[in-house]
Each structure stands twice: as C-alpha cells, then as structure tokens.
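File shown: protein.txt. Contents: compact mmCIF, C-alpha atoms.
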# COMPACT_ATOMS: atom_id res chain seq x y z
CA MET S 1 83.42 135.83 87.89
CA THR S 2 85.60 134.41 90.65
CA GLU S 3 87.92 131.48 90.29
CA PRO S 4 87.34 128.40 92.41
CA SER S 5 89.42 128.16 95.55
CA LEU S 6 92.57 126.12 95.25
CA ALA S 7 92.97 125.85 99.01
CA ARG S 8 92.11 122.14 98.95
CA THR S 9 93.79 120.64 95.91
CA GLN S 10 94.35 117.17 97.37
CA PRO S 11 91.54 115.12 98.91
CA ASP S 12 91.82 114.51 102.63
CA PRO S 13 92.55 110.77 102.91
CA VAL S 14 90.79 110.64 106.27
CA LEU S 15 87.57 112.28 105.15
CA GLU S 16 87.24 111.03 101.58
CA PRO S 17 85.39 107.72 101.28
CA PHE S 18 87.25 104.88 99.65
CA ASP S 19 85.17 104.67 96.50
CA GLY S 20 84.64 108.38 95.93
CA ARG S 21 81.32 108.62 97.74
CA ALA S 22 80.10 108.05 101.26
CA PRO S 23 78.08 104.87 101.69
CA SER S 24 74.41 105.65 102.11
CA ALA S 25 72.25 103.98 104.73
CA ALA S 26 70.15 102.37 101.99
CA ASP S 27 73.20 100.99 100.14
CA THR S 28 74.78 99.71 103.35
CA ARG S 29 71.57 97.95 104.36
CA ALA S 30 71.12 96.56 100.85
CA ASP S 31 74.67 95.14 100.91
CA ALA S 32 73.97 93.46 104.26
CA MET S 33 70.60 92.11 103.15
CA ALA S 34 72.17 90.71 99.98
CA ARG S 35 74.82 89.00 102.11
CA PHE S 36 72.06 87.59 104.36
CA GLU S 37 69.96 86.57 101.33
CA GLY S 38 67.10 88.83 102.44
CA ASP S 39 66.69 87.14 105.83
CA GLU S 40 65.32 89.95 108.05
CA VAL S 41 65.42 87.79 111.21
CA PHE S 42 69.08 86.96 110.67
CA TYR S 43 69.82 90.63 109.89
CA ASP S 44 68.17 91.70 113.15
CA ARG S 45 70.24 89.12 115.07
CA ILE S 46 73.60 89.85 113.45
CA VAL S 47 73.56 93.64 113.15
CA PRO S 48 73.77 94.40 116.90
CA LEU S 49 76.65 91.93 117.22
CA PHE S 50 78.39 93.49 114.21
CA ARG S 51 77.90 97.02 115.51
CA GLN S 52 79.54 96.24 118.84
CA ALA S 53 82.33 94.06 117.45
CA ALA S 54 83.25 96.36 114.55
CA SER S 55 83.33 99.41 116.81
CA GLU S 56 85.64 97.64 119.27
CA GLN S 57 87.82 96.25 116.48
CA ALA S 58 88.14 99.65 114.78
CA ALA S 59 89.15 101.24 118.10
CA ALA S 60 91.76 98.52 118.67
CA LEU S 61 93.05 99.01 115.11
CA ARG S 62 93.40 102.74 115.73
CA ARG S 63 95.31 102.09 118.98
CA ALA S 64 97.63 99.66 117.16
CA SER S 65 98.25 102.31 114.52
CA ASP S 66 98.95 104.96 117.15
CA ASP S 67 101.44 102.56 118.75
CA ALA S 68 102.97 101.55 115.37
CA ASP S 69 102.50 97.93 116.44
CA ALA S 70 102.69 95.87 113.24
CA THR S 71 101.59 92.63 114.91
CA ALA S 72 98.51 94.22 116.47
CA LEU S 73 97.75 96.12 113.24
CA GLN S 74 97.81 92.87 111.29
CA HIS S 75 95.57 91.14 113.83
CA TRP S 76 92.96 93.90 114.12
CA ALA S 77 92.87 94.63 110.38
CA HIS S 78 92.28 90.92 109.74
CA THR S 79 89.59 90.73 112.41
CA LEU S 80 87.82 93.88 111.22
CA LYS S 81 88.01 92.62 107.62
CA GLY S 82 86.07 89.52 108.64
CA SER S 83 83.42 91.55 110.42
CA LEU S 84 83.01 93.87 107.44
CA LEU S 85 82.67 90.92 105.06
CA THR S 86 79.97 89.47 107.32
CA VAL S 87 77.71 92.42 106.50
CA GLY S 88 78.69 92.71 102.85
CA ALA S 89 80.92 95.78 103.23
CA SER S 90 83.39 94.48 100.67
CA ALA S 91 85.03 97.81 99.74
CA ALA S 92 85.90 98.56 103.37
CA ALA S 93 87.01 94.95 103.87
CA ALA S 94 89.38 95.28 100.90
CA HIS S 95 91.01 98.27 102.58
CA ALA S 96 91.30 96.35 105.82
CA GLU S 97 93.08 93.63 103.86
CA GLU S 98 95.49 96.19 102.39
CA ILE S 99 96.32 97.39 105.90
CA GLU S 100 96.69 93.78 107.07
CA ARG S 101 99.15 92.99 104.26
CA ALA S 102 101.17 96.16 104.86
CA ALA S 103 101.42 95.36 108.56
CA MET S 104 102.40 91.76 107.79
CA ALA S 105 105.26 93.12 105.68
CA HIS S 106 106.11 95.71 108.38
CA ARG S 107 105.43 98.53 105.89
CA LEU S 108 103.98 101.04 108.34
CA GLU S 109 104.97 104.27 106.60
CA GLY S 110 101.76 106.08 105.62
CA ILE S 111 99.54 103.53 107.33
CA ALA S 112 98.07 105.91 109.93
CA PRO S 113 95.90 107.88 107.45
CA ARG S 114 94.70 104.63 105.88
CA VAL S 115 93.73 103.32 109.30
CA ARG S 116 91.91 106.57 110.15
CA ARG S 117 90.01 106.32 106.88
CA LEU S 118 89.01 102.72 107.53
CA VAL S 119 87.95 103.58 111.07
CA ALA S 120 85.83 106.48 109.73
CA GLU S 121 84.20 104.30 107.08
CA THR S 122 83.55 101.56 109.65
CA ALA S 123 81.83 104.14 111.86
CA LEU S 124 79.57 105.09 108.93
CA ILE S 125 78.71 101.47 108.25
CA VAL S 126 77.98 100.87 111.93
CA ALA S 127 75.75 103.97 112.03
CA HIS S 128 73.86 102.89 108.91
CA LEU S 129 73.12 99.35 110.05
CA THR S 130 70.34 99.36 112.59
CA PRO S 131 68.23 96.34 113.52
CA GLY S 132 64.57 96.48 112.62
CA ALA S 133 65.18 99.11 109.96
CA GLY S 134 63.44 97.16 107.23
Would you write the structure of this file as structure tokens?
Amino acid sequence: MTEPSLARTQPDPVLEPFDGRAPSAADTRADAMARFEGDEVFYDRIVPLFRQAASEQAAALRRASDDADATALQHWAHTLKGSLLTVGASAAAAHAEEIERAAMAHRLEGIAPRVRRLVAETALIVAHLTPGAG
C-alpha cells in the first residue's frame, strides 16, 4: 500500500474554482436562463454580447493586474462584475467585487492570483454560454 503523494498540499489558487468545483455548462446555462426568466430569445441575443464583452473585460483586468494599476483594476473588476451578474454568474461576480474593493483600497498584495482565477473562471463561463444551446 502506497501513501498518497504530498507533492500538492495546497490548492493552486489559479486552477481551483472559487466554490470548490468547476462550473458545468448545464449549471452556467441554467443560471443565465434563471436570470433571463427562461426567455430563450433574450438569451440568444445577450449571450454573444456577453461573450465578447466579458472576454475583453477579463483581458483588460489581467493587463491592469500585470501593471499593478489600482485604478484600472478597480474599473475593470467593476465592469466585469456587472457583465457576470447579467448572466447570473453571481459567485464569479462576488470575486470581481472583492478585487474591486481591494483595488479601491490600494491593497494590491496577493491580487494577481485572484485576478488570474477570476479570468480563468470567466473563460469557463464564456465557453459554457453559447447561443442556441437550448
């Protein structure tokens, strides 16, 4: 009997999802449909706009983090938070708000891994939301 490897004792904050599990395509779509009150036409109109905007906002947030620009971090975290809330991604939006508040207070120590995690989760949400997938 071999002992389990202890090589990875701490979770990787970039790869681990916020709530302990990766969002599934079905859950992500269900969250969006709940937010849109089941309106498939509205879903099909909003999702392409969300996909483009959230991808651009996440990239801008990552650049702001790389530059340690608190003002830009605050702006892009706030903007991405709004986009995420639009599609019912409340857990990711809550993390965007945490980043926004930290940037507002100029508390940038340790923010880069949190931004990378939010960017990764946003990419998953974007990938899961496809128009006409109902």
Could the residues of range 33-81 of chain S that have an atom at most 6 Å from range 110-130 of chain S be listed as JSON lines, each with its closest atom pair and the distance in Å to one decimal, counting all atoms listed in the file and ordered by chain and ascending residue number?
{"residue": "S:Arg51", "atom": "CA", "partner": "S:Val126", "partner_atom": "CA", "distance": 5.3}
{"residue": "S:Ala58", "atom": "CA", "partner": "S:Val119", "partner_atom": "CA", "distance": 5.4}
{"residue": "S:Ser65", "atom": "CA", "partner": "S:Ala112", "partner_atom": "CA", "distance": 5.8}
Selection to disk with C-alpha atoms, as a compact mmCIF listing (two decimals), in the frame of the given file:
# COMPACT_ATOMS: atom_id res chain seq x y z
CA ARG S 51 77.90 97.02 115.51
CA ALA S 58 88.14 99.65 114.78
CA SER S 65 98.25 102.31 114.52
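Of note, CA of Ala34 in chain S and CA of Ile99 in chain S are spaced 25.7 Å apart.
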(request) Pick out the residues sitting within 12 Å of Glu97 in chain S, and hand them over as a list in words; count only C-alpha atoms, and ignore anything fewer than 6 positions along from it in its own chain. (result) Leu73, Gln74, His75, Trp76, Ala77, His78, Thr79, Leu80, Lys81, Gly82, Ser83, Leu84, Leu85, Ser90, Ala91, Ala103, Met104, Arg114, Val115 and Leu118 of chain S
(request) Between S:Asp44, S:Glu98, S:Glu109, S:Asp27, single out the one closest to Ala68 in chain S, counting all atoms listed in the file. (result) S:Glu109
(message) Could you tell me how far CA of Ala72 in chain S sits from CA of Arg35 in chain S, in Å to one decimal place?
(response) 28.2 Å
(message) Quick check, in Å to one decimal: how far apart do CA of Glu100 in chain S and CA of Asp67 in chain S lie?
(response)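 Answer for the CA of Glu100 in chain S to CA of Asp67 in chain S separation: 15.4 Å.
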(message) Would you pick out the contacts of Thr28 in chain S at 9 Å or less, using all atoms listed in the file, so that residues sharing its chain but fewer than 2 positions from it are not included, and give the list as number ranges by chain?
(response) S: 23-26, 30-33, 87-89, 125, 128-129
Write range 104-129 of chain S as a PDB file, keeping the file's coordinate frame, completed to N, CA and C atoms.
ATOM      1  N   MET S 104     101.717  93.048 107.854  1.00  0.00           N
ATOM      2  CA  MET S 104     102.400  91.760 107.790  1.00  0.00           C
ATOM      3  C   MET S 104     103.820  91.932 107.246  1.00  0.00           C
ATOM      4  N   ALA S 105     103.965  92.850 106.288  1.00  0.00           N
ATOM      5  CA  ALA S 105     105.260  93.120 105.680  1.00  0.00           C
ATOM      6  C   ALA S 105     106.042  94.197 106.443  1.00  0.00           C
ATOM      7  N   HIS S 106     105.498  94.658 107.562  1.00  0.00           N
ATOM      8  CA  HIS S 106     106.110  95.710 108.380  1.00  0.00           C
ATOM      9  C   HIS S 106     106.330  96.999 107.578  1.00  0.00           C
ATOM     10  N   ARG S 107     105.408  97.281 106.663  1.00  0.00           N
ATOM     11  CA  ARG S 107     105.430  98.530 105.890  1.00  0.00           C
ATOM     12  C   ARG S 107     104.435  99.482 106.543  1.00  0.00           C
ATOM     13  N   LEU S 108     104.898 100.193 107.559  1.00  0.00           N
ATOM     14  CA  LEU S 108     103.980 101.040 108.340  1.00  0.00           C
ATOM     15  C   LEU S 108     104.008 102.507 107.913  1.00  0.00           C
ATOM     16  N   GLU S 109     104.930 102.880 107.044  1.00  0.00           N
ATOM     17  CA  GLU S 109     104.970 104.270 106.600  1.00  0.00           C
ATOM     18  C   GLU S 109     103.678 104.600 105.849  1.00  0.00           C
ATOM     19  N   GLY S 110     103.005 105.651 106.254  1.00  0.00           N
ATOM     20  CA  GLY S 110     101.760 106.080 105.620  1.00  0.00           C
ATOM     21  C   GLY S 110     100.544 105.264 106.012  1.00  0.00           C
ATOM     22  N   ILE S 111     100.677 104.381 106.963  1.00  0.00           N
ATOM     23  CA  ILE S 111      99.540 103.530 107.330  1.00  0.00           C
ATOM     24  C   ILE S 111      98.528 104.262 108.206  1.00  0.00           C
ATOM     25  N   ALA S 112      98.980 105.225 108.998  1.00  0.00           N
ATOM     26  CA  ALA S 112      98.070 105.910 109.930  1.00  0.00           C
ATOM     27  C   ALA S 112      96.881 106.566 109.221  1.00  0.00           C
ATOM     28  N   PRO S 113      97.069 107.305 108.119  1.00  0.00           N
ATOM     29  CA  PRO S 113      95.900 107.880 107.450  1.00  0.00           C
ATOM     30  C   PRO S 113      94.964 106.822 106.869  1.00  0.00           C
ATOM     31  N   ARG S 114      95.530 105.716 106.423  1.00  0.00           N
ATOM     32  CA  ARG S 114      94.700 104.630 105.880  1.00  0.00           C
ATOM     33  C   ARG S 114      93.864 104.005 106.990  1.00  0.00           C
ATOM     34  N   VAL S 115      94.463 103.858 108.164  1.00  0.00           N
ATOM     35  CA  VAL S 115      93.730 103.320 109.300  1.00  0.00           C
ATOM     36  C   VAL S 115      92.618 104.294 109.713  1.00  0.00           C
ATOM     37  N   ARG S 116      92.933 105.579 109.782  1.00  0.00           N
ATOM     38  CA  ARG S 116      91.910 106.570 110.150  1.00  0.00           C
ATOM     39  C   ARG S 116      90.743 106.537 109.170  1.00  0.00           C
ATOM     40  N   ARG S 117      91.054 106.382 107.901  1.00  0.00           N
ATOM     41  CA  ARG S 117      90.010 106.320 106.880  1.00  0.00           C
ATOM     42  C   ARG S 117      89.143 105.076 107.053  1.00  0.00           C
ATOM     43  N   LEU S 118      89.770 103.951 107.310  1.00  0.00           N
ATOM     44  CA  LEU S 118      89.010 102.720 107.530  1.00  0.00           C
ATOM     45  C   LEU S 118      88.166 102.827 108.789  1.00  0.00           C
ATOM     46  N   VAL S 119      88.706 103.402 109.825  1.00  0.00           N
ATOM     47  CA  VAL S 119      87.950 103.580 111.070  1.00  0.00           C
ATOM     48  C   VAL S 119      86.741 104.494 110.813  1.00  0.00           C
ATOM     49  N   ALA S 120      86.937 105.563 110.045  1.00  0.00           N
ATOM     50  CA  ALA S 120      85.830 106.480 109.730  1.00  0.00           C
ATOM     51  C   ALA S 120      84.763 105.776 108.893  1.00  0.00           C
ATOM     52  N   GLU S 121      85.186 104.997 107.910  1.00  0.00           N
ATOM     53  CA  GLU S 121      84.200 104.300 107.080  1.00  0.00           C
ATOM     54  C   GLU S 121      83.471 103.230 107.894  1.00  0.00           C
ATOM     55  N   THR S 122      84.189 102.554 108.782  1.00  0.00           N
ATOM     56  CA  THR S 122      83.550 101.560 109.650  1.00  0.00           C
ATOM     57  C   THR S 122      82.494 102.232 110.519  1.00  0.00           C
ATOM     58  N   ALA S 123      82.803 103.405 111.038  1.00  0.00           N
ATOM     59  CA  ALA S 123      81.830 104.140 111.860  1.00  0.00           C
ATOM     60  C   ALA S 123      80.575 104.464 111.054  1.00  0.00           C
ATOM     61  N   LEU S 124      80.744 104.835 109.783  1.00  0.00           N
ATOM     62  CA  LEU S 124      79.570 105.090 108.930  1.00  0.00           C
ATOM     63  C   LEU S 124      78.750 103.829 108.725  1.00  0.00           C
ATOM     64  N   ILE S 125      79.430 102.742 108.472  1.00  0.00           N
ATOM     65  CA  ILE S 125      78.710 101.470 108.250  1.00  0.00           C
ATOM     66  C   ILE S 125      77.970 101.082 109.509  1.00  0.00           C
ATOM     67  N   VAL S 126      78.617 101.190 110.649  1.00  0.00           N
ATOM     68  CA  VAL S 126      77.980 100.870 111.930  1.00  0.00           C
ATOM     69  C   VAL S 126      76.740 101.755 112.144  1.00  0.00           C
ATOM     70  N   ALA S 127      76.875 103.035 111.846  1.00  0.00           N
ATOM     71  CA  ALA S 127      75.750 103.970 112.030  1.00  0.00           C
ATOM     72  C   ALA S 127      74.595 103.641 111.096  1.00  0.00           C
ATOM     73  N   HIS S 128      74.911 103.169 109.898  1.00  0.00           N
ATOM     74  CA  HIS S 128      73.860 102.890 108.910  1.00  0.00           C
ATOM     75  C   HIS S 128      73.115 101.587 109.171  1.00  0.00           C
ATOM     76  N   LEU S 129      73.765 100.645 109.817  1.00  0.00           N
ATOM     77  CA  LEU S 129      73.120  99.350 110.050  1.00  0.00           C
ATOM     78  C   LEU S 129      72.428  99.356 111.405  1.00  0.00           C
TER      79      LEU S 129
END
